[in-house]
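Data from input-v8.cif: mmCIF, C-alpha atoms and all ligand atoms
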```
data_run
#
loop_
_atom_site.label_atom_id
_atom_site.label_comp_id
_atom_site.auth_asym_id
_atom_site.auth_seq_id
_atom_site.Cartn_x
_atom_site.Cartn_y
_atom_site.Cartn_z
CA MET S 24 -7.19 -33.70 -20.45
CA SER S 25 -8.00 -30.46 -22.25
CA LEU S 26 -5.24 -28.71 -24.15
CA HIS S 27 -5.35 -25.84 -21.66
CA ARG S 28 -4.91 -28.19 -18.70
CA LEU S 29 -2.04 -29.92 -20.47
CA LEU S 30 -0.29 -26.62 -21.23
CA ILE S 31 -0.74 -25.45 -17.64
CA ALA S 32 0.76 -28.69 -16.32
CA VAL S 33 3.70 -28.61 -18.73
CA MET S 34 4.47 -24.88 -18.58
CA ILE S 35 4.04 -23.97 -14.93
CA GLY S 36 3.86 -27.40 -13.25
CA PRO S 37 7.63 -27.66 -12.72
CA GLU S 38 7.82 -24.10 -11.31
CA LEU S 39 4.93 -24.80 -8.93
CA ALA S 40 6.73 -27.99 -7.87
CA ARG S 41 9.81 -25.91 -6.93
CA TRP S 42 7.62 -23.73 -4.72
CA LYS S 43 6.03 -26.76 -3.15
CA ALA S 44 9.40 -28.40 -2.48
CA GLY S 45 10.32 -25.34 -0.39
CA GLY S 46 7.05 -25.51 1.50
CA HIS S 47 5.49 -22.56 -0.34
CA ALA S 48 2.49 -21.88 -2.53
CA PRO S 49 2.07 -18.73 -4.61
CA VAL S 50 -0.56 -16.22 -3.51
CA PHE S 51 -2.90 -15.56 -6.41
CA TRP S 52 -5.76 -13.11 -6.23
CA TRP S 53 -8.35 -12.23 -8.89
CA ARG S 54 -9.53 -8.86 -10.18
CA ASP S 55 -12.09 -8.30 -12.93
CA ASP S 56 -12.61 -4.86 -14.49
CA ASP S 57 -15.28 -2.68 -16.09
CA ALA S 58 -18.46 -3.98 -14.44
CA ARG S 59 -21.33 -1.50 -14.58
CA ARG S 60 -24.39 -3.69 -14.07
CA PRO S 61 -25.35 -7.35 -13.92
CA THR S 62 -25.23 -9.03 -17.34
CA PRO S 63 -25.19 -12.64 -18.56
CA ALA S 64 -21.38 -12.37 -18.76
CA LEU S 65 -21.26 -11.26 -15.12
CA ASP S 66 -23.46 -14.21 -14.14
CA ARG S 67 -21.02 -16.50 -15.92
CA LEU S 68 -18.07 -14.89 -14.13
CA LEU S 69 -19.65 -15.15 -10.68
CA ALA S 70 -20.65 -18.77 -11.41
CA LEU S 71 -16.96 -19.54 -12.01
CA SER S 72 -16.05 -17.82 -8.77
CA LEU S 73 -18.59 -19.94 -6.91
CA ARG S 74 -17.69 -23.20 -8.65
CA PHE S 75 -13.98 -22.94 -7.95
CA GLU S 76 -14.34 -21.19 -4.59
CA ALA S 77 -12.25 -18.40 -6.09
CA PRO S 78 -13.02 -15.04 -4.43
CA ILE S 79 -13.18 -12.16 -6.88
CA THR S 80 -12.72 -8.40 -6.69
CA LEU S 81 -14.98 -6.68 -9.21
CA ALA S 82 -13.74 -3.26 -10.24
CA ALA S 83 -16.95 -1.38 -10.98
CA VAL S 84 -17.46 2.04 -12.57
CA PRO S 85 -19.44 4.33 -10.22
CA ASP S 86 -21.79 5.53 -12.97
CA GLY S 87 -23.23 2.02 -13.22
CA ASP S 88 -25.84 0.22 -11.11
CA ILE S 89 -23.65 -0.33 -8.06
CA ALA S 90 -26.55 -1.44 -5.88
CA ALA S 91 -27.38 -4.28 -8.30
CA LEU S 92 -23.70 -5.27 -8.50
CA ALA S 93 -23.41 -5.25 -4.71
CA LYS S 94 -26.44 -7.51 -4.49
CA ALA S 95 -24.92 -9.94 -7.01
CA CYS S 96 -21.64 -9.99 -5.03
CA ARG S 97 -23.41 -10.73 -1.74
CA ALA S 98 -24.55 -14.07 -3.20
CA VAL S 99 -20.94 -15.14 -3.87
CA PRO S 100 -18.55 -15.85 -0.98
CA GLY S 101 -15.53 -13.53 -1.01
CA ALA S 102 -16.81 -11.41 -3.90
CA GLU S 103 -16.32 -7.68 -3.35
CA LEU S 104 -16.47 -4.41 -5.25
CA ALA S 105 -13.62 -2.02 -5.97
CA VAL S 106 -13.91 1.48 -7.43
CA HIS S 107 -12.93 1.61 -11.11
CA GLY S 108 -12.33 5.28 -11.75
CA PHE S 109 -14.83 8.12 -11.59
CA ARG S 110 -16.60 7.75 -14.95
CA HIS S 111 -14.03 5.70 -16.90
CA GLU S 112 -13.55 8.75 -19.03
CA ASN S 113 -10.29 9.73 -20.68
CA ARG S 114 -9.66 13.38 -19.81
CA ALA S 115 -6.06 13.52 -21.00
CA PRO S 116 -5.17 16.39 -23.33
CA PRO S 117 -3.92 15.18 -26.75
CA GLY S 118 -0.50 13.55 -26.49
CA TRP S 119 -0.74 12.87 -22.75
CA PRO S 120 -1.13 9.41 -21.24
CA SER S 121 -4.79 8.32 -21.10
CA GLY S 122 -6.45 8.73 -17.73
CA GLU S 123 -9.02 10.55 -15.65
CA VAL S 124 -6.53 12.60 -13.65
CA ASN S 125 -3.74 14.73 -15.12
CA ASP S 126 -1.27 17.49 -14.25
CA LEU S 127 -3.90 20.17 -14.69
CA ASP S 128 -6.12 18.78 -11.92
CA ARG S 129 -6.06 20.21 -8.41
CA LEU S 130 -6.05 17.90 -5.42
CA ALA S 131 -9.29 19.44 -4.09
CA ASP S 132 -11.11 18.58 -7.31
CA VAL S 133 -9.76 15.02 -7.39
CA MET S 134 -10.77 14.60 -3.73
CA SER S 135 -14.24 15.76 -4.60
CA GLU S 136 -14.53 13.28 -7.51
CA LEU S 137 -13.27 10.51 -5.26
CA SER S 138 -15.73 11.38 -2.49
CA THR S 139 -18.60 11.30 -4.99
CA ALA S 140 -17.46 7.86 -6.22
CA ILE S 141 -17.12 6.48 -2.69
CA GLU S 142 -20.55 7.86 -1.79
CA VAL S 143 -22.14 5.88 -4.66
CA PHE S 144 -20.71 2.68 -3.17
CA ARG S 145 -21.71 3.65 0.36
CA ARG S 146 -25.30 4.11 -0.77
CA ALA S 147 -25.14 0.49 -1.95
CA ARG S 148 -23.89 -0.45 1.55
CA VAL S 149 -20.36 -1.10 0.30
CA THR S 150 -17.25 0.37 1.89
CA PRO S 151 -14.69 0.23 -0.91
CA ARG S 152 -11.04 -0.44 -0.03
CA LEU S 153 -9.42 -0.57 -3.43
CA PHE S 154 -9.28 1.91 -6.30
CA VAL S 155 -8.48 0.73 -9.82
CA PRO S 156 -7.66 3.70 -12.08
CA PRO S 157 -8.74 3.25 -15.71
CA TRP S 158 -5.78 3.01 -18.12
CA ASN S 159 -3.54 2.21 -15.12
CA ASN S 160 -3.20 5.94 -14.70
CA ALA S 161 -1.81 6.25 -11.18
CA HIS S 162 -1.26 10.01 -11.32
CA PRO S 163 0.52 11.44 -8.23
CA THR S 164 -2.47 13.68 -7.46
CA LEU S 165 -4.77 10.66 -7.56
CA LYS S 166 -2.40 8.71 -5.30
CA GLN S 167 -2.40 11.58 -2.84
CA ALA S 168 -6.19 11.64 -2.81
CA LEU S 169 -6.39 7.88 -2.31
CA GLY S 170 -3.96 8.10 0.59
CA LEU S 171 -6.06 10.80 2.24
CA ARG S 172 -9.21 8.69 1.87
CA GLY S 173 -7.48 5.49 2.97
CA LEU S 174 -7.97 3.57 -0.27
CA SER S 175 -5.38 1.19 -1.71
CA LEU S 176 -4.33 1.39 -5.34
CA SER S 177 -4.47 -1.41 -7.89
CA CYS S 178 -2.88 -1.15 -11.34
CA TYR S 179 -1.15 -3.65 -13.62
CA GLY S 180 2.50 -4.54 -13.12
CA ASP S 181 5.28 -7.02 -12.36
CA MET S 182 6.38 -6.58 -8.74
CA ARG S 183 5.27 -4.35 -5.90
CA ASP S 184 7.42 -1.26 -5.55
CA GLN S 185 8.98 -1.14 -2.09
CA ALA S 186 7.97 2.49 -1.78
CA GLU S 187 4.32 1.63 -2.34
CA PRO S 188 3.29 -0.96 0.20
CA ASP S 189 -0.37 0.02 0.07
CA ARG S 190 -0.79 -1.24 -3.44
CA LEU S 191 -2.16 -4.47 -4.82
CA ASP S 192 -1.70 -4.89 -8.54
CA ALA S 193 -2.95 -7.33 -11.11
CA HIS S 194 -0.23 -9.01 -13.18
CA LEU S 195 -1.70 -11.66 -15.44
CA ASP S 196 -4.15 -10.39 -18.05
CA VAL S 197 -6.03 -13.20 -19.82
CA MET S 198 -6.80 -10.79 -22.67
CA ARG S 199 -4.83 -9.05 -25.37
CA TRP S 200 -6.25 -5.79 -26.60
CA LYS S 201 -4.86 -4.96 -29.99
CA PRO S 202 -6.11 -4.87 -32.64
CA GLU S 203 -9.24 -6.00 -30.81
CA PRO S 204 -9.92 -7.79 -27.50
CA ARG S 205 -9.37 -11.53 -27.52
CA PHE S 206 -7.86 -14.27 -25.37
CA ARG S 207 -4.14 -13.67 -24.90
CA GLY S 208 -3.38 -17.29 -25.70
CA ALA S 209 -2.45 -20.00 -23.21
CA VAL S 210 1.24 -20.07 -24.14
CA ARG S 211 1.72 -16.28 -23.85
CA PHE S 212 -0.22 -16.16 -20.62
CA LEU S 213 1.65 -19.09 -19.07
CA LEU S 214 5.09 -17.82 -20.14
CA ARG S 215 4.40 -14.61 -18.24
CA THR S 216 2.99 -16.53 -15.27
CA ARG S 217 6.09 -18.72 -15.16
CA ARG S 218 8.42 -15.71 -15.36
CA LEU S 219 6.65 -13.84 -12.55
CA LEU S 220 6.56 -16.97 -10.38
CA ALA S 221 10.29 -17.59 -10.94
CA GLU S 222 11.08 -13.94 -10.09
CA ARG S 223 9.23 -14.19 -6.82
CA ARG S 224 10.94 -17.48 -5.99
CA SER S 225 14.43 -16.16 -6.75
CA LYS S 226 13.74 -13.09 -4.56
CA ARG S 227 12.21 -15.33 -1.91
CA ALA S 228 9.18 -13.03 -2.15
CA TRP S 229 6.86 -15.93 -1.35
CA ASP S 230 4.01 -13.74 -0.17
CA GLU S 231 4.20 -11.26 -3.06
CA PRO S 232 0.72 -11.64 -4.62
CA LEU S 233 0.11 -12.46 -8.26
CA GLY S 234 -3.05 -10.89 -9.59
CA LEU S 235 -5.11 -12.58 -12.26
CA LEU S 236 -6.88 -9.96 -14.41
CA THR S 237 -10.07 -10.58 -16.35
CA HIS S 238 -12.58 -8.38 -18.20
CA HIS S 239 -15.77 -10.45 -18.31
CA LEU S 240 -17.50 -8.19 -20.86
CA ASP S 241 -14.73 -8.81 -23.40
CA HIS S 242 -14.03 -12.53 -23.01
CA ASP S 243 -14.26 -14.79 -26.02
CA GLU S 244 -15.04 -18.47 -25.54
CA GLU S 245 -11.35 -19.39 -25.38
CA ALA S 246 -10.76 -16.97 -22.51
CA TRP S 247 -13.65 -18.49 -20.55
CA ARG S 248 -12.40 -22.02 -21.15
CA PHE S 249 -8.88 -21.12 -20.14
CA LEU S 250 -10.17 -19.62 -16.88
CA GLU S 251 -11.94 -22.88 -16.12
CA ALA S 252 -8.62 -24.69 -16.42
CA PHE S 253 -6.50 -22.07 -14.64
CA LEU S 254 -8.65 -21.20 -11.59
CA PRO S 255 -8.40 -24.64 -9.92
CA VAL S 256 -4.60 -24.49 -10.29
CA ALA S 257 -4.18 -20.88 -9.15
CA ARG S 258 -6.69 -21.18 -6.28
CA PRO S 259 -6.97 -17.43 -5.76
CA VAL S 260 -7.48 -16.07 -2.26
CA ALA S 261 -9.67 -13.13 -1.25
CA ARG S 262 -8.04 -9.71 -1.37
CA THR S 263 -8.76 -9.38 2.33
CA ALA S 264 -6.61 -12.47 2.97
CA ILE S 265 -3.54 -10.78 1.50
CA GLY S 266 -1.16 -9.09 3.92
CA LYS S 267 1.20 -6.30 3.09
CA PRO S 268 4.57 -8.04 3.28
CA ALA S 269 7.69 -6.08 2.46
CA VAL S 270 9.69 -7.46 -0.44
CA LYS S 271 13.03 -8.34 1.10
CA THR S 272 15.28 -7.60 -1.84
CA ALA S 273 15.18 -4.49 -3.99
CA ALA S 274 12.42 -4.92 -6.49
CA THR S 275 12.05 -2.72 -9.49
CA SER S 276 8.61 -1.76 -10.58
CA ARG S 277 8.29 -2.17 -14.30
CA PRO S 278 5.08 -0.82 -15.67
CA VAL S 279 3.65 -3.09 -18.31
CA ALA S 280 1.47 -1.98 -21.16
CA ALA S 281 -1.93 -3.38 -20.38
CA ARG S 282 -5.23 -2.83 -22.05
CA ALA S 283 -6.55 0.53 -23.02
CA GLY S 284 -8.51 1.08 -19.82
ZN ZN S 301 -11.38 -0.28 -17.32
#
```
Conversion result in structure tokens:
Amino acid sequence: MSLHRLLIAVMIGPELARWKAGGHAPVFWWRDDDARRPTPALDRLLALSLRFEAPITLAAVPDGDIAALAKACRAVPGAELAVHGFRHENRAPPGWPSGEVNDLDRLADVMSELSTAIEVFRRARVTPRLFVPPWNNAHPTLKQALGLRGLSLSCYGDMRDQAEPDRLDAHLDVMRWKPEPRFRGAVRFLLRTRRLLAERRSKRAWDEPLGLLTHHLDHDEEAWRFLEAFLPVARPVARTAIGKPAVKTAATSRPVAARAG
């Protein structure tokens, strides 16, 4: 047994057994960010998706080759594209949180940017359903625009906020980003996984999804190997298979510092 498999069994095995004893299984889903065009790393990612029958949502930047990405996704069951920002460009004035939308932007302009982004996907015969803002910057003006265009929002967090049912976050980043991108480490990753699983169990939020987050262009070999061990345990489902259940007890949304973008 590989070290990763052993750590997974020891660190989250008992928690998964508690779920199973109650007749439940956690709902994992899988999002990968920053795709712009097919690359060897993307091939490797999609091969994992195929091998483990793990559907993936690829958050792609509209200035890339969306048609080529859409073609690559069509060869993989359950693979789909999400919109990852407008240009993945930080437009924040100095001292403001990084992001593409800020307090100075008017709704009409954000709507126009969003329409342009959606149109790029439509030309590739993709109707996007999910928007992933770079730097997790869910600015209120952006949220308003997404609502008007009927797109769901996906950031990085702990639990779904009750006030935001139309939101599907990622929660478990395999990478750490400072001082440079590398695998988060199995122990760190699994401690967080165990905590988020236990929170959902104690709140009886059995259907509250847990989003695995990857960035295929930044993975080191350790990150790839860990994914190979984790995917068959997590058994992610397609985004389209996830309902929008209300969390029954009050859940606080705690934003978590994720990667820069
Ligand atoms: Zn990004």
task: Step by step, measure atom-to-atom distances between ligand ZN 301 (chain S) and each residue using all atoms listed in the file, keep those at most 12 Å, then write them as a PyMOL selection string.
output: chain S and resi 54-59+81-85+105-113+121-123+154-160+177-179+200+236-241+281-284
- prompt: Skipping near chain neighbours, those fewer than 3 positions away, what residues fall within 9 Å of Met34 of chain S using only C-alpha atoms, listed as a list in words?
  reply: Leu29, Leu30, Ile31, Pro37, Glu38, Val210, Leu213, Leu214 and Arg217 of chain S
- prompt: To one decimal place, how far is atom CA of Leu235 of chain S from atom CA of Asp192 of chain S in Å?
  reply: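 Answer for the atom CA of Leu235 of chain S to atom CA of Asp192 of chain S separation: 9.2 Å.
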message: Just want the 10 Å neighbourhood of Val50 of chain S, counted on all atoms listed in the file, with same-chain residues fewer than 4 positions away dropped. Output as number ranges by chain.
response: S: 220, 229-234, 257-261, 264-265
- request: Using only C-alpha atoms, pick whichever of S:Thr216, S:Arg205, S:Arg224, S:Ala161 has the shortest atom-to-atom distance to His242 of chain S.
  value: S:Arg205
message: Quick check, in Å to one decimal: how far apart do atom CA of Glu103 of chain S and atom CA of Ser175 of chain S lie?
response: 14.2 Å
Please provide as a PDB file with C-alpha atoms, in the coordinates of the input all residues within 12 Å of Ser135 of chain S, with the sequence filter that same-chain residues fewer than 4 positions apart are discarded (counting all atoms listed in the file).
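New file part-v3.pdb:
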```
ATOM      1  CA  PHE S 109     -14.830   8.120 -11.590  1.00  0.00           C
ATOM      2  CA  ASP S 128      -6.120  18.780 -11.920  1.00  0.00           C
ATOM      3  CA  ARG S 129      -6.060  20.210  -8.410  1.00  0.00           C
ATOM      4  CA  LEU S 130      -6.050  17.900  -5.420  1.00  0.00           C
ATOM      5  CA  ALA S 131      -9.290  19.440  -4.090  1.00  0.00           C
ATOM      6  CA  THR S 139     -18.600  11.300  -4.990  1.00  0.00           C
ATOM      7  CA  ALA S 140     -17.460   7.860  -6.220  1.00  0.00           C
ATOM      8  CA  ILE S 141     -17.120   6.480  -2.690  1.00  0.00           C
ATOM      9  CA  GLU S 142     -20.550   7.860  -1.790  1.00  0.00           C
ATOM     10  CA  LEU S 165      -4.770  10.660  -7.560  1.00  0.00           C
ATOM     11  CA  ALA S 168      -6.190  11.640  -2.810  1.00  0.00           C
ATOM     12  CA  LEU S 169      -6.390   7.880  -2.310  1.00  0.00           C
ATOM     13  CA  LEU S 171      -6.060  10.800   2.240  1.00  0.00           C
ATOM     14  CA  ARG S 172      -9.210   8.690   1.870  1.00  0.00           C
TER      15      ARG S 172
END
```
query: Restricting the calculation to only C-alpha atoms, which member of S:Ser138, S:Leu254, S:Phe51, S:Thr164 is positioned closest to Leu191 of chain S?
result: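 Using only C-alpha atoms, the shortest distance to Leu191 of chain S belongs to S:Phe51.
The shortest atom-to-atom distance to Arg262 of chain S, with all atoms listed in the file taken into account, belongs to S:Arg190 out of S:Arg190, S:Arg223, S:Lys166, S:Arg207.
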message: Could you check the closest approach to Glu245 of chain S for each of S:Phe212, S:Trp42, S:Phe206, S:Trp52 and tell me which residue wins, using all atoms listed in the file?
response: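 Residue with the minimum atom-to-atom distance to Glu245 of chain S: S:Phe206.
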task: Could you please determine the separation between atom CA of Val256 of chain S and atom CA of Cys96 of chain S in Å, to one decimal place?
output: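 The value is 23.0 Å.
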message: Excluding Arg28 of chain S and its own-chain neighbours fewer than 4 positions away, which residues fall within 9 Å of it when counting only C-alpha atoms? Please give them as a VMD selection string.
response: chain S and resid 24 32 to 33 249 252 to 253
Nearest candidate to Phe144 of chain S (options S:Ala91, S:Leu69, S:Ala193, S:Ala186; using only C-alpha atoms):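 Checking each candidate against Phe144 of chain S, we get S:Ala91 as the closest.
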query: Within 8 Å of Phe75 of chain S, counting all atoms listed in the file, which residues qualify if same-chain residues fewer than 2 places away don't, as a list in words?
result: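 Result of the neighbour search: Leu71, Ser72, Leu73, Ala77, Leu254, Pro255 and Arg258 of chain S.
Proximity of S:Arg152, S:His162, S:Arg211, S:Lys226 to Asp189 of chain S, computed with all atoms listed in the file, is greatest for S:Arg152.
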